[in-house]
Each structure stands twice: as structure tokens, then as C-alpha cells.
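Source file: protein08.cif (mmCIF, C-alpha atoms)
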```
data_start
loop_
_atom_site.label_atom_id
_atom_site.label_comp_id
_atom_site.auth_asym_id
_atom_site.auth_seq_id
_atom_site.Cartn_x
_atom_site.Cartn_y
_atom_site.Cartn_z
CA MET A 260 27.80 -2.99 -10.12
CA ARG A 261 30.46 -5.51 -9.15
CA ARG A 262 29.47 -8.08 -6.57
CA PRO A 263 31.48 -11.22 -7.36
CA TRP A 264 30.05 -14.48 -6.08
CA ARG A 265 32.60 -16.75 -4.47
CA PRO A 266 31.54 -19.87 -2.61
CA ALA A 267 33.91 -21.44 -0.08
CA GLN A 268 35.15 -24.93 -0.88
CA ARG A 269 32.79 -27.44 0.72
CA TRP A 270 33.92 -30.50 2.66
CA ASN A 271 32.50 -32.82 -0.03
CA TRP A 272 34.22 -31.11 -2.98
CA TRP A 273 35.73 -34.45 -4.02
CA GLN A 274 32.48 -36.38 -4.28
CA HIS A 275 31.27 -35.07 -7.62
CA ASN A 276 34.26 -35.81 -9.83
CA PRO A 277 35.82 -39.25 -10.46
CA ALA A 278 39.30 -37.68 -10.81
CA TYR A 279 39.04 -36.26 -7.29
CA ARG A 280 37.69 -39.54 -5.92
CA ARG A 281 40.65 -41.42 -7.43
CA TYR A 282 43.01 -38.86 -5.92
CA LEU A 283 41.53 -39.18 -2.44
CA LEU A 284 41.54 -42.98 -2.68
CA ARG A 285 45.27 -42.77 -3.48
CA GLU A 286 45.86 -40.43 -0.54
CA ALA A 287 43.68 -42.54 1.76
CA THR A 288 46.06 -45.50 1.29
CA ALA A 289 48.20 -43.72 3.90
CA LEU A 290 45.61 -44.44 6.63
CA PRO A 291 45.79 -48.29 6.69
CA LEU A 292 49.57 -48.02 6.28
CA PHE A 293 49.73 -45.70 9.30
CA VAL A 294 47.73 -48.19 11.38
CA TYR A 295 49.91 -51.01 10.04
CA ALA A 296 53.02 -49.15 11.24
CA LEU A 297 51.45 -48.88 14.71
CA VAL A 298 50.68 -52.61 14.64
CA LEU A 299 54.32 -53.38 13.79
CA VAL A 300 55.54 -51.13 16.61
CA SER A 301 53.17 -52.87 19.03
CA GLY A 302 54.64 -56.21 17.87
CA LEU A 303 58.13 -54.90 18.51
CA TYR A 304 57.05 -53.79 21.97
CA ARG A 305 55.62 -57.28 22.67
CA TYR A 306 58.91 -58.77 21.46
CA THR A 307 60.81 -56.79 24.12
CA GLN A 308 58.49 -58.30 26.76
CA GLY A 309 59.62 -61.85 26.08
CA GLN A 310 58.78 -64.86 23.93
CA LEU A 311 55.40 -65.58 25.51
CA ALA A 312 54.14 -62.04 25.00
CA PHE A 313 55.34 -62.05 21.39
CA THR A 314 53.79 -65.45 20.65
CA ARG A 315 50.45 -64.25 22.02
CA TRP A 316 50.72 -61.14 19.84
CA LEU A 317 51.40 -63.34 16.79
CA GLU A 318 48.38 -65.52 17.64
CA ALA A 319 46.21 -62.42 18.03
CA MET A 320 47.34 -61.28 14.60
CA GLN A 321 45.88 -64.50 13.12
CA SER A 322 42.32 -63.61 14.12
CA PRO A 323 39.98 -63.00 11.15
CA GLY A 324 39.72 -59.28 11.94
CA TRP A 325 43.48 -58.72 11.91
CA LEU A 326 43.92 -60.91 8.82
CA ALA A 327 41.30 -58.80 7.06
CA PHE A 328 43.12 -55.66 8.17
CA HIS A 329 46.42 -57.00 6.81
CA ALA A 330 44.75 -57.81 3.49
CA LEU A 331 43.43 -54.24 3.40
CA ALA A 332 46.85 -52.81 4.27
CA ALA A 333 48.50 -54.95 1.57
CA ALA A 334 45.93 -53.81 -1.02
CA ALA A 335 46.48 -50.18 0.02
CA CYS A 336 50.24 -50.63 -0.28
CA VAL A 337 49.93 -52.12 -3.78
CA LEU A 338 47.54 -49.37 -4.90
CA HIS A 339 49.87 -46.73 -3.49
CA ALA A 340 52.85 -48.25 -5.31
CA ILE A 341 50.97 -48.53 -8.62
CA THR A 342 49.71 -44.93 -8.53
CA TRP A 343 53.08 -43.62 -7.35
CA ILE A 344 54.99 -45.36 -10.15
CA GLU A 345 52.35 -44.13 -12.62
CA LEU A 346 53.38 -40.56 -11.76
CA VAL A 347 57.16 -41.07 -11.79
CA PRO A 348 57.67 -40.25 -15.50
CA LYS A 349 56.09 -36.85 -14.91
CA LEU A 350 58.90 -35.72 -12.62
CA LEU A 351 61.81 -37.94 -13.54
CA VAL A 352 62.93 -36.83 -16.98
CA VAL A 353 66.05 -38.54 -18.30
CA PRO A 354 67.24 -37.51 -21.76
CA GLY A 355 67.19 -40.46 -24.13
CA ILE A 356 64.93 -42.64 -21.94
CA SER A 357 61.19 -42.56 -22.61
CA GLY A 358 58.58 -42.12 -19.88
CA PRO A 359 57.09 -45.62 -20.37
CA THR A 360 60.58 -47.16 -20.06
CA ILE A 361 61.19 -45.28 -16.79
CA LYS A 362 57.82 -46.46 -15.52
CA ARG A 363 58.52 -50.08 -16.50
CA GLY A 364 61.93 -49.89 -14.82
CA HIS A 365 60.32 -48.77 -11.57
CA GLN A 366 57.70 -51.52 -11.78
CA VAL A 367 60.36 -54.21 -12.27
CA ALA A 368 62.51 -52.77 -9.47
CA ALA A 369 59.50 -52.68 -7.13
CA LEU A 370 58.61 -56.31 -7.91
CA ILE A 371 62.19 -57.53 -7.43
CA GLY A 372 62.60 -55.46 -4.24
CA SER A 373 59.32 -56.78 -2.82
CA ALA A 374 60.25 -60.38 -3.70
CA VAL A 375 63.64 -60.01 -1.97
CA ILE A 376 62.06 -58.53 1.18
CA VAL A 377 59.27 -61.13 1.32
CA GLY A 378 61.83 -63.91 0.73
CA ALA A 379 64.10 -62.59 3.48
CA ALA A 380 61.13 -62.25 5.85
CA LEU A 381 59.97 -65.84 5.21
CA ALA A 382 63.50 -67.23 5.52
CA SER A 383 63.97 -65.55 8.91
CA TRP A 384 60.45 -66.28 10.18
CA PRO A 385 60.73 -66.44 14.00
CA LEU A 386 58.48 -69.50 14.39
CA GLY A 387 60.75 -72.05 12.80
CA GLY A 388 61.92 -71.30 9.25
CA ALA A 389 60.33 -70.79 5.88
CA GLY A 390 56.80 -72.02 5.25
CA SER A 391 55.97 -72.89 8.85
CA MET B 78 19.61 -37.53 -32.86
CA SER B 79 16.85 -35.44 -31.28
CA ASP B 80 16.01 -32.00 -32.71
CA SER B 81 17.06 -29.97 -29.70
CA ILE B 82 19.05 -30.16 -26.50
CA ALA B 83 18.35 -28.57 -23.14
CA ILE B 84 21.20 -26.39 -21.94
CA TYR B 85 21.01 -25.39 -18.29
CA VAL B 86 23.15 -22.31 -17.63
CA ALA B 87 23.99 -21.18 -14.10
CA ARG B 88 22.95 -17.51 -14.20
CA TYR B 89 24.33 -15.01 -11.73
CA ARG B 90 23.26 -11.40 -11.98
CA PRO B 91 24.95 -9.24 -9.33
CA GLY B 92 22.38 -6.98 -7.71
CA GLU B 93 19.57 -9.43 -8.50
CA ASP B 94 20.84 -12.85 -7.40
CA ASP B 95 22.44 -13.93 -4.15
CA ALA B 96 23.81 -17.08 -5.79
CA PRO B 97 23.71 -18.61 -9.28
CA THR B 98 20.52 -20.35 -10.38
CA GLU B 99 20.07 -22.53 -13.45
CA GLN B 100 18.08 -21.34 -16.42
CA ARG B 101 17.01 -23.69 -19.18
CA TYR B 102 17.49 -22.92 -22.88
CA ASP B 103 16.45 -25.28 -25.69
CA VAL B 104 18.94 -25.14 -28.52
CA PRO B 105 18.54 -26.81 -31.95
CA LEU B 106 20.93 -29.74 -32.08
CA SER B 107 23.36 -30.41 -34.91
CA ALA B 108 26.43 -32.62 -35.00
CA ASP B 109 28.86 -29.78 -35.67
CA LEU B 110 27.55 -27.30 -33.10
CA SER B 111 29.99 -26.46 -30.30
CA VAL B 112 28.98 -25.37 -26.81
CA LEU B 113 30.32 -21.89 -27.62
CA GLU B 114 28.16 -21.72 -30.76
CA ALA B 115 25.20 -22.83 -28.67
CA LEU B 116 25.89 -19.95 -26.27
CA ASN B 117 26.06 -17.60 -29.23
CA TYR B 118 22.68 -18.97 -30.40
CA ILE B 119 21.17 -18.36 -26.96
CA LYS B 120 22.58 -14.82 -26.87
CA ASP B 121 21.41 -13.99 -30.41
CA GLU B 122 18.04 -15.75 -30.50
CA LEU B 123 16.81 -16.47 -26.97
CA ASP B 124 18.28 -14.25 -24.29
CA PRO B 125 20.52 -11.24 -24.99
CA THR B 126 21.20 -10.79 -21.26
CA LEU B 127 23.40 -13.90 -21.02
CA SER B 128 27.07 -13.08 -20.36
CA TYR B 129 30.08 -15.21 -21.30
CA ARG B 130 33.55 -14.73 -22.77
CA TRP B 131 34.77 -15.83 -26.16
CA SER B 132 36.95 -14.75 -29.03
CA CYS B 133 38.82 -17.05 -31.41
CA ARG B 134 36.53 -20.14 -31.64
CA MET B 135 39.56 -22.39 -32.22
CA ALA B 136 41.20 -23.14 -28.84
CA ILE B 137 43.85 -20.46 -29.23
CA CYS B 138 42.64 -17.53 -27.13
CA GLY B 139 41.61 -19.45 -24.01
CA SER B 140 38.60 -17.20 -23.32
CA CYS B 141 35.66 -19.59 -23.42
CA GLY B 142 36.50 -21.91 -20.53
CA VAL B 143 33.40 -23.02 -18.58
CA MET B 144 32.36 -25.95 -16.42
CA ILE B 145 30.54 -28.34 -18.75
CA ASP B 146 28.70 -31.02 -16.77
CA GLY B 147 31.11 -30.33 -13.93
CA GLU B 148 34.31 -30.53 -15.97
CA PRO B 149 36.44 -27.51 -16.89
CA ARG B 150 36.49 -27.40 -20.71
CA LEU B 151 36.71 -24.94 -23.57
CA GLY B 152 33.29 -24.19 -25.06
CA CYS B 153 34.74 -24.00 -28.57
CA LYS B 154 36.38 -27.42 -28.32
CA THR B 155 33.36 -29.25 -26.89
CA PHE B 156 30.53 -30.33 -29.17
CA LEU B 157 26.86 -30.77 -28.31
CA ARG B 158 26.77 -34.17 -30.04
CA GLU B 159 28.67 -35.56 -27.05
CA PHE B 160 25.59 -34.87 -24.90
CA ALA B 161 22.93 -35.76 -27.47
CA GLY B 162 22.18 -39.12 -25.86
CA ARG B 163 21.30 -37.51 -22.54
CA GLY B 164 19.47 -34.61 -24.17
CA GLU B 165 20.83 -32.05 -21.73
CA LEU B 166 23.98 -30.46 -20.40
CA HIS B 167 24.78 -28.09 -17.55
CA LEU B 168 27.04 -25.07 -17.78
CA ARG B 169 28.43 -22.93 -15.00
CA ALA B 170 31.28 -20.48 -14.59
CA LEU B 171 34.77 -21.90 -13.99
CA ASP B 172 35.14 -23.25 -10.47
CA HIS B 173 37.50 -21.60 -7.95
CA PHE B 174 37.26 -18.12 -9.52
CA PRO B 175 34.98 -15.32 -8.31
CA VAL B 176 31.94 -15.19 -10.62
CA GLU B 177 31.33 -11.70 -11.96
CA ARG B 178 28.23 -12.48 -13.97
CA ASP B 179 26.75 -15.66 -15.48
CA LEU B 180 29.72 -17.49 -17.06
CA VAL B 181 32.20 -14.63 -16.66
CA VAL B 182 34.81 -15.00 -13.91
CA ASP B 183 37.35 -12.59 -12.45
CA LEU B 184 40.81 -13.58 -13.72
CA GLU B 185 42.75 -10.74 -12.07
CA GLY B 186 44.25 -12.95 -9.36
CA PHE B 187 45.22 -15.58 -11.94
CA MET B 188 46.95 -12.97 -14.11
CA GLY B 189 48.75 -11.69 -11.01
CA HIS B 190 50.07 -15.20 -10.31
CA LEU B 191 51.37 -15.48 -13.88
CA GLU B 192 53.24 -12.20 -13.43
CA THR B 193 54.65 -13.22 -10.04
CA VAL B 194 56.96 -15.86 -11.53
CA LYS B 195 58.63 -13.27 -13.80
CA PRO B 196 57.81 -14.94 -17.12
CA TRP B 197 60.34 -13.15 -19.27
CA MET B 198 63.96 -13.62 -20.35
CA PHE B 199 66.72 -12.64 -17.93
CA HIS B 200 70.22 -12.02 -19.19
CA GLU B 201 73.23 -11.36 -16.98
CA ALA B 202 74.43 -8.89 -19.60
CA GLU B 203 72.46 -7.79 -22.64
CA ARG B 204 74.20 -8.66 -25.87
CA PRO B 205 74.54 -5.93 -28.50
CA VAL B 206 72.14 -6.42 -31.41
CA ALA B 207 75.13 -6.51 -33.74
CA GLU B 208 76.13 -9.88 -32.24
CA GLY B 209 72.97 -11.42 -33.66
CA GLU B 210 70.07 -13.34 -32.19
CA TYR B 211 70.13 -15.84 -29.33
CA ARG B 212 70.21 -19.16 -31.14
CA GLN B 213 68.85 -22.50 -30.02
CA THR B 214 69.22 -26.09 -31.18
CA PRO B 215 66.10 -28.21 -31.79
CA ALA B 216 67.01 -30.24 -28.67
CA GLU B 217 67.14 -27.06 -26.56
CA LEU B 218 63.75 -26.01 -27.94
CA GLU B 219 62.24 -29.39 -27.17
CA ARG B 220 63.14 -29.09 -23.47
CA TYR B 221 60.53 -26.36 -22.88
CA GLN B 222 58.32 -26.32 -25.98
CA GLN B 223 55.47 -28.36 -24.48
CA PHE B 224 55.27 -25.97 -21.51
CA SER B 225 55.15 -22.93 -23.80
CA GLN B 226 51.87 -24.06 -25.38
CA CYS B 227 49.74 -22.72 -22.49
CA ILE B 228 46.93 -20.39 -23.60
CA ASN B 229 46.10 -19.09 -20.09
CA CYS B 230 42.56 -20.43 -20.26
CA GLY B 231 42.46 -21.10 -16.50
CA LEU B 232 40.96 -24.61 -16.83
CA CYS B 233 43.80 -26.06 -14.73
CA TYR B 234 42.92 -23.64 -11.89
CA ALA B 235 39.27 -24.69 -12.07
CA ALA B 236 40.54 -28.30 -11.83
CA CYS B 237 42.88 -27.67 -8.88
CA PRO B 238 41.32 -28.28 -5.44
CA GLN B 239 44.36 -26.71 -3.75
CA PHE B 240 43.69 -23.44 -5.60
CA GLY B 241 40.03 -23.84 -4.71
CA ARG B 242 40.94 -24.16 -1.04
CA ASP B 243 43.30 -21.17 -1.06
CA ASP B 244 43.77 -18.99 -4.12
CA SER B 245 47.11 -17.63 -2.90
CA PHE B 246 48.60 -20.84 -4.38
CA LEU B 247 50.41 -19.76 -7.54
CA GLY B 248 48.79 -22.69 -9.29
CA PRO B 249 49.48 -24.93 -12.29
CA ALA B 250 49.78 -22.41 -15.13
CA ALA B 251 52.02 -19.92 -13.30
CA LEU B 252 54.38 -22.64 -12.04
CA THR B 253 54.44 -24.20 -15.51
CA LEU B 254 55.36 -20.82 -16.94
CA ALA B 255 58.23 -20.55 -14.44
CA LEU B 256 59.56 -23.95 -15.58
CA ARG B 257 59.11 -22.98 -19.22
CA TYR B 258 61.56 -20.08 -18.75
CA ASN B 259 63.88 -21.99 -16.42
CA LEU B 260 64.28 -24.68 -19.11
CA ASP B 261 64.98 -22.15 -21.86
CA SER B 262 68.67 -22.13 -22.78
CA ARG B 263 68.48 -18.38 -23.53
CA ASP B 264 67.28 -17.51 -20.03
CA GLU B 265 69.44 -16.81 -16.96
CA GLY B 266 66.66 -16.07 -14.48
CA SER B 267 66.21 -19.38 -12.63
CA ALA B 268 67.64 -17.93 -9.40
CA GLU B 269 65.23 -14.98 -9.65
CA ARG B 270 62.26 -17.35 -9.85
CA MET B 271 63.40 -19.87 -7.24
CA PRO B 272 62.04 -17.89 -4.22
CA PHE B 273 58.54 -18.11 -5.74
CA LEU B 274 58.85 -21.85 -6.35
CA ASN B 275 60.10 -22.36 -2.77
CA ALA B 276 57.49 -20.07 -1.17
CA ASP B 277 54.46 -21.30 0.78
CA GLU B 278 52.37 -20.42 -2.27
CA GLY B 279 54.80 -22.25 -4.57
CA VAL B 280 55.29 -25.80 -5.77
CA TRP B 281 54.93 -27.48 -2.36
CA ARG B 282 51.27 -26.47 -2.09
CA CYS B 283 50.61 -28.95 -4.93
CA THR B 284 49.56 -32.42 -3.78
CA PHE B 285 49.76 -33.97 -7.26
CA VAL B 286 46.03 -34.40 -7.80
CA GLY B 287 46.93 -34.44 -11.50
CA TYR B 288 43.49 -33.34 -12.75
CA CYS B 289 45.02 -30.11 -14.14
CA SER B 290 46.84 -32.16 -16.76
CA GLU B 291 43.70 -34.14 -17.62
CA VAL B 292 41.69 -31.01 -18.42
CA CYS B 293 44.44 -29.03 -20.19
CA PRO B 294 43.17 -28.42 -23.76
CA LYS B 295 46.73 -27.99 -25.10
CA ASP B 296 48.35 -31.08 -23.50
CA VAL B 297 50.78 -28.90 -21.57
CA ASP B 298 50.84 -31.31 -18.60
CA PRO B 299 51.07 -28.71 -15.82
CA ALA B 300 51.15 -31.43 -13.12
CA ALA B 301 54.46 -32.63 -14.57
CA ALA B 302 55.79 -29.07 -14.67
CA VAL B 303 54.81 -28.28 -11.06
CA ASN B 304 56.32 -31.51 -9.79
CA ARG B 305 59.51 -30.99 -11.75
CA GLY B 306 59.52 -27.66 -9.92
CA LYS B 307 59.57 -29.65 -6.68
CA VAL B 308 62.66 -31.51 -7.91
CA ALA B 309 64.34 -28.17 -8.71
CA SER B 310 63.29 -26.76 -5.33
CA THR B 311 64.72 -29.80 -3.52
CA ILE B 312 68.03 -29.54 -5.38
CA ASN B 313 68.12 -25.81 -4.57
CA TYR B 314 67.51 -26.61 -0.89
CA GLY B 315 70.34 -29.16 -0.84
CA LEU B 316 72.78 -26.85 -2.60
CA ASN B 317 71.84 -24.08 -0.20
CA LEU B 318 72.59 -26.31 2.77
CA LEU B 319 76.02 -27.00 1.30
CA ARG B 320 76.57 -23.26 0.81
CA LEU B 321 75.65 -22.59 4.42
CA ALA B 322 77.87 -25.46 5.61
CA GLY B 323 80.69 -23.91 3.59
CA GLY B 324 80.26 -20.65 5.49
CA LYS B 325 78.63 -18.85 2.57
CA ARG B 326 75.57 -16.61 2.68
CA ASP B 327 72.01 -18.01 2.46
CA ALA B 328 71.12 -17.78 -1.24
#
```
Exercise: express the given structure as C-alpha cells:
Amino acid sequence: MRRPWRPAQRWNWWQHNPAYRRYLLREATALPLFVYALVLVSGLYRYTQGQLAFTRWLEAMQSPGWLAFHALAAAACVLHAITWIELVPKLLVVPGISGPTIKRGHQVAALIGSAVIVGAALASWPLGGAGS
Amino acid sequence: MSDSIAIYVARYRPGEDDAPTEQRYDVPLSADLSVLEALNYIKDELDPTLSYRWSCRMAICGSCGVMIDGEPRLGCKTFLREFAGRGELHLRALDHFPVERDLVVDLEGFMGHLETVKPWMFHEAERPVAEGEYRQTPAELERYQQFSQCINCGLCYAACPQFGRDDSFLGPAALTLALRYNLDSRDEGSAERMPFLNADEGVWRCTFVGYCSEVCPKDVDPAAAVNRGKVASTINYGLNLLRLAGGKRDA
């Protein structure tokens, strides 16, 4: 007699395997980045309301809670970038260039790109130039 | 090394059980005993009612895939010595497949998915035999050789949570098979297979968990194949947009 047993996937399917936990951690990096995008938009909105509103928003961002959130968002961003670049050689196949070389190239490009953006952001800091 | 090891097998007997329950078997431990050989010992010496699949004993046939301590692995390629320190291991049927009995799963749906992607050579026009064989350079062989090593063991499906959520997903092995033929210089069937790659059940259902490649016993790297399928699907989408913009028919 055939009576196949087929359980439905449970909500906690990812808890019992480290590979699944790593995967969900990678995917979960999107959540702090989503909130971070909202924070940036709120800053932009404050900017349209005038200098005082924007300055108050900047001061609010320096509270310990928001600093902790920014640290979390930065860590999520770095983890996302590392895991993303780790996977690049699997889908980008260039004849004559090895997977590790492609990966290294992406890592270097990401570091240079990040340095340029951070440098540009510091140089154009709205509260009085670099380092202030 | 202790004299024996406790093997807990998830038994499911249709008609008797509503769900699998573990049964303990104590098997004499030796360094060269595989999990498959342990199952054979149980079947021969302890319990002839135990059901499982096996054939070649050398990771060629792909029949003896089971969940070993929660990981999809081949029984013939996994040795008891790995678990000697703990003194026990747990076996159950491959995840994400309907369990027919004990460690035997229903692979019909999986086989159907393999067939869906038309895994055979297409030629625009068949060449007469007199013109000789279709020849290939070593470089042309290398493009697809890795993806042709699949033994259809189903471990990648047991590792894929997307297939576990919805088994209409064509899954790692079938999509790898599609790429294997698409990359073959003798084949002209890429366009025939593209609708299946582009479909809801195709490559875009994959979220790049990557565990399929970790468990593959033949190092096929199905995650790479599926995601290269996404690249092909994206290029196809772009070219199709250009065709439509040029007033041509939707391909």
C-alpha cells in the first residue's frame, strides 16, 4: 500500500543546519540596510525643512542608540559585500581568468570604491569640512 | 574506538505509522565500515524489514542518499568512524521528498524535472553518418564537463529549502543539466530550454543558498550552474526586449 509521508516545511527549517543559518544571516543583512535607507531619506526630508531641522536631525543621529544602529548597519553592509563577492566566481566565468583572481579583483574594487566614497563624503561634510 | 555504534533509523511503515519514528540498532564498529554497509548489516543480521536503496557501493549510481545526522550524504561515501567519538548517528530519508517507506523516497517528481529541461542533443539538421562524428576540442569539453558529472542522487534537492518549500521548482540538478547541454558545442537546443529556465519554476526561484554545492558528492557545483542560468536568462530577456523594440515577434 502506498501512503507517502510528506511533512510541510516548518517555519524553523533553518535552525538545525549551520549552512541555512549562514544563508539567513546573509539575507538578513538587508533588514538593517532597509532601515538605514529610511534613515537617510528622513535626513533628506529634514534637509528640505531648513538648516535648523537638519542640524537637529544630525544631533539626534549622534545619540548612542543611533550610533549603535549605524555600527550594525555598517557591519551588515560589510558582511553582505563579503558574502556577495564570495559568490561572484560562481556566476562570472571569464575564460583565462581564475575564480580566485576574479574574487580578488572584486575585493580590491570594492575597497577602492568604498575609500573614494568615504573620502568624498568626508571632504563635503556639511558641518565644516573634513574631520570636523 | 568502541566496539559498536548506535544507529538510529527513522522508520516509516505506511499502513502502520502516521509519521516516522526512530528505531535503534547497535552495529559493530570498524574503521572501514560505511553507513551503507551498516544498513546492509542491519538488514542481514538485525531487521530484515528495513527498507533503503542501494546499488553500486562506490558513489556512481546515486541510489543510497540519506540524511546522516541531518546532512544529505551518500551512505556508501560516509564512514562510521566519523561518528565513533559520539557513539551514535541518526539516519532518515532524504528531506523534501515524499517518504515511501523507511529510507526510500519517491523520486518521480525529481525525474520529471530532469526530463522537463530536455536533456538531450538538439541539431538543426541531422548530419548523415557518413560525415563522421561530432568532434570537440578539449577546451569545448571543459566548458561543460564538470556539470556532466551529476549522478542524479537527489542530495542537492534534499539540501534546497526552495525545493522543500515548493517542489514545482525545477531544482539544482535539472537546471544544471540544462546548462550542461547549453554549454555543449554539439548542441543547438538552448532556445528550446530557455522557456524552462525563464519560467516561475526555473532559475529565478533559486535564492543562492548554496548548500546544494556543499553536499554534492561529485563536486558538480549546481549553485554555480543555476546562477549562470540566471545570467543566460537575463541576457535572453535583454535580447528579447531589443527584438520587440525592433518590431520583431516575442521569442
Return as a VMD selection string the residues belonging to chain B that are within 10 Å of chain A, counting all atoms listed in the file.
chain B and resid 89 to 92 94 to 97 147 to 148 172 to 178 181 to 183 220 236 to 243 284 to 288 291 298 to 308
What separation in Å, quoted to one decimal, exists between atom CA of Leu157 of chain B and atom CA of Glu99 of chain B?
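A separation of 18.3 Å between them.
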Which residue, B:Leu274, B:Ala268, B:Cys133, B:Ile119, has the smallest gap to Gln100 of chain B when you use only C-alpha atoms?
B:Ile119
Separation of atom CA of Tyr306 of chain A from atom CA of Trp384 of chain A, in Å and rounded to one decimal:
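Value for the atom CA of Tyr306 of chain A-atom CA of Trp384 of chain A distance: 13.6 Å.
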Find the residues around Ala332 of chain A up to 12 Å (all atoms listed in the file counted), leave out those fewer than 4 positions away in its own chain, and share them as a PDB file with C-alpha atoms, keeping the file's coordinate frame.
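And here's result.pdb as it stands now:
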```pdb
ATOM      1  CA  ALA A 287      43.680 -42.540   1.760  1.00  0.00           C
ATOM      2  CA  THR A 288      46.060 -45.500   1.290  1.00  0.00           C
ATOM      3  CA  ALA A 289      48.200 -43.720   3.900  1.00  0.00           C
ATOM      4  CA  LEU A 290      45.610 -44.440   6.630  1.00  0.00           C
ATOM      5  CA  PRO A 291      45.790 -48.290   6.690  1.00  0.00           C
ATOM      6  CA  LEU A 292      49.570 -48.020   6.280  1.00  0.00           C
ATOM      7  CA  PHE A 293      49.730 -45.700   9.300  1.00  0.00           C
ATOM      8  CA  VAL A 294      47.730 -48.190  11.380  1.00  0.00           C
ATOM      9  CA  TYR A 295      49.910 -51.010  10.040  1.00  0.00           C
ATOM     10  CA  ALA A 296      53.020 -49.150  11.240  1.00  0.00           C
ATOM     11  CA  VAL A 298      50.680 -52.610  14.640  1.00  0.00           C
ATOM     12  CA  TRP A 325      43.480 -58.720  11.910  1.00  0.00           C
ATOM     13  CA  LEU A 326      43.920 -60.910   8.820  1.00  0.00           C
ATOM     14  CA  ALA A 327      41.300 -58.800   7.060  1.00  0.00           C
ATOM     15  CA  PHE A 328      43.120 -55.660   8.170  1.00  0.00           C
ATOM     16  CA  CYS A 336      50.240 -50.630  -0.280  1.00  0.00           C
ATOM     17  CA  VAL A 337      49.930 -52.120  -3.780  1.00  0.00           C
ATOM     18  CA  LEU A 338      47.540 -49.370  -4.900  1.00  0.00           C
ATOM     19  CA  HIS A 339      49.870 -46.730  -3.490  1.00  0.00           C
TER      20      HIS A 339
END
```
In Å, rounded to a single decimal, give me how far atom CA of Gly355 of chain A is from atom CA of Asn259 of chain B.
20.3 Å
All file atoms of segment 273-282 of chain A boxed axis-aligned, 4 Å per side, centre plus edges, as AutoDock Vina command-line options:
```
--center_x 37.1 --center_y -37.9 --center_z -7.4 --size_x 19.7 --size_y 15.0 --size_z 14.8
```
For Val86 of chain B, work out the shell of residues within 8 Å, counting all atoms listed in the file and skipping chain neighbours fewer than 4 positions away, then give it as a PyMOL selection string.
chain B and resi 98-102+167-169+179
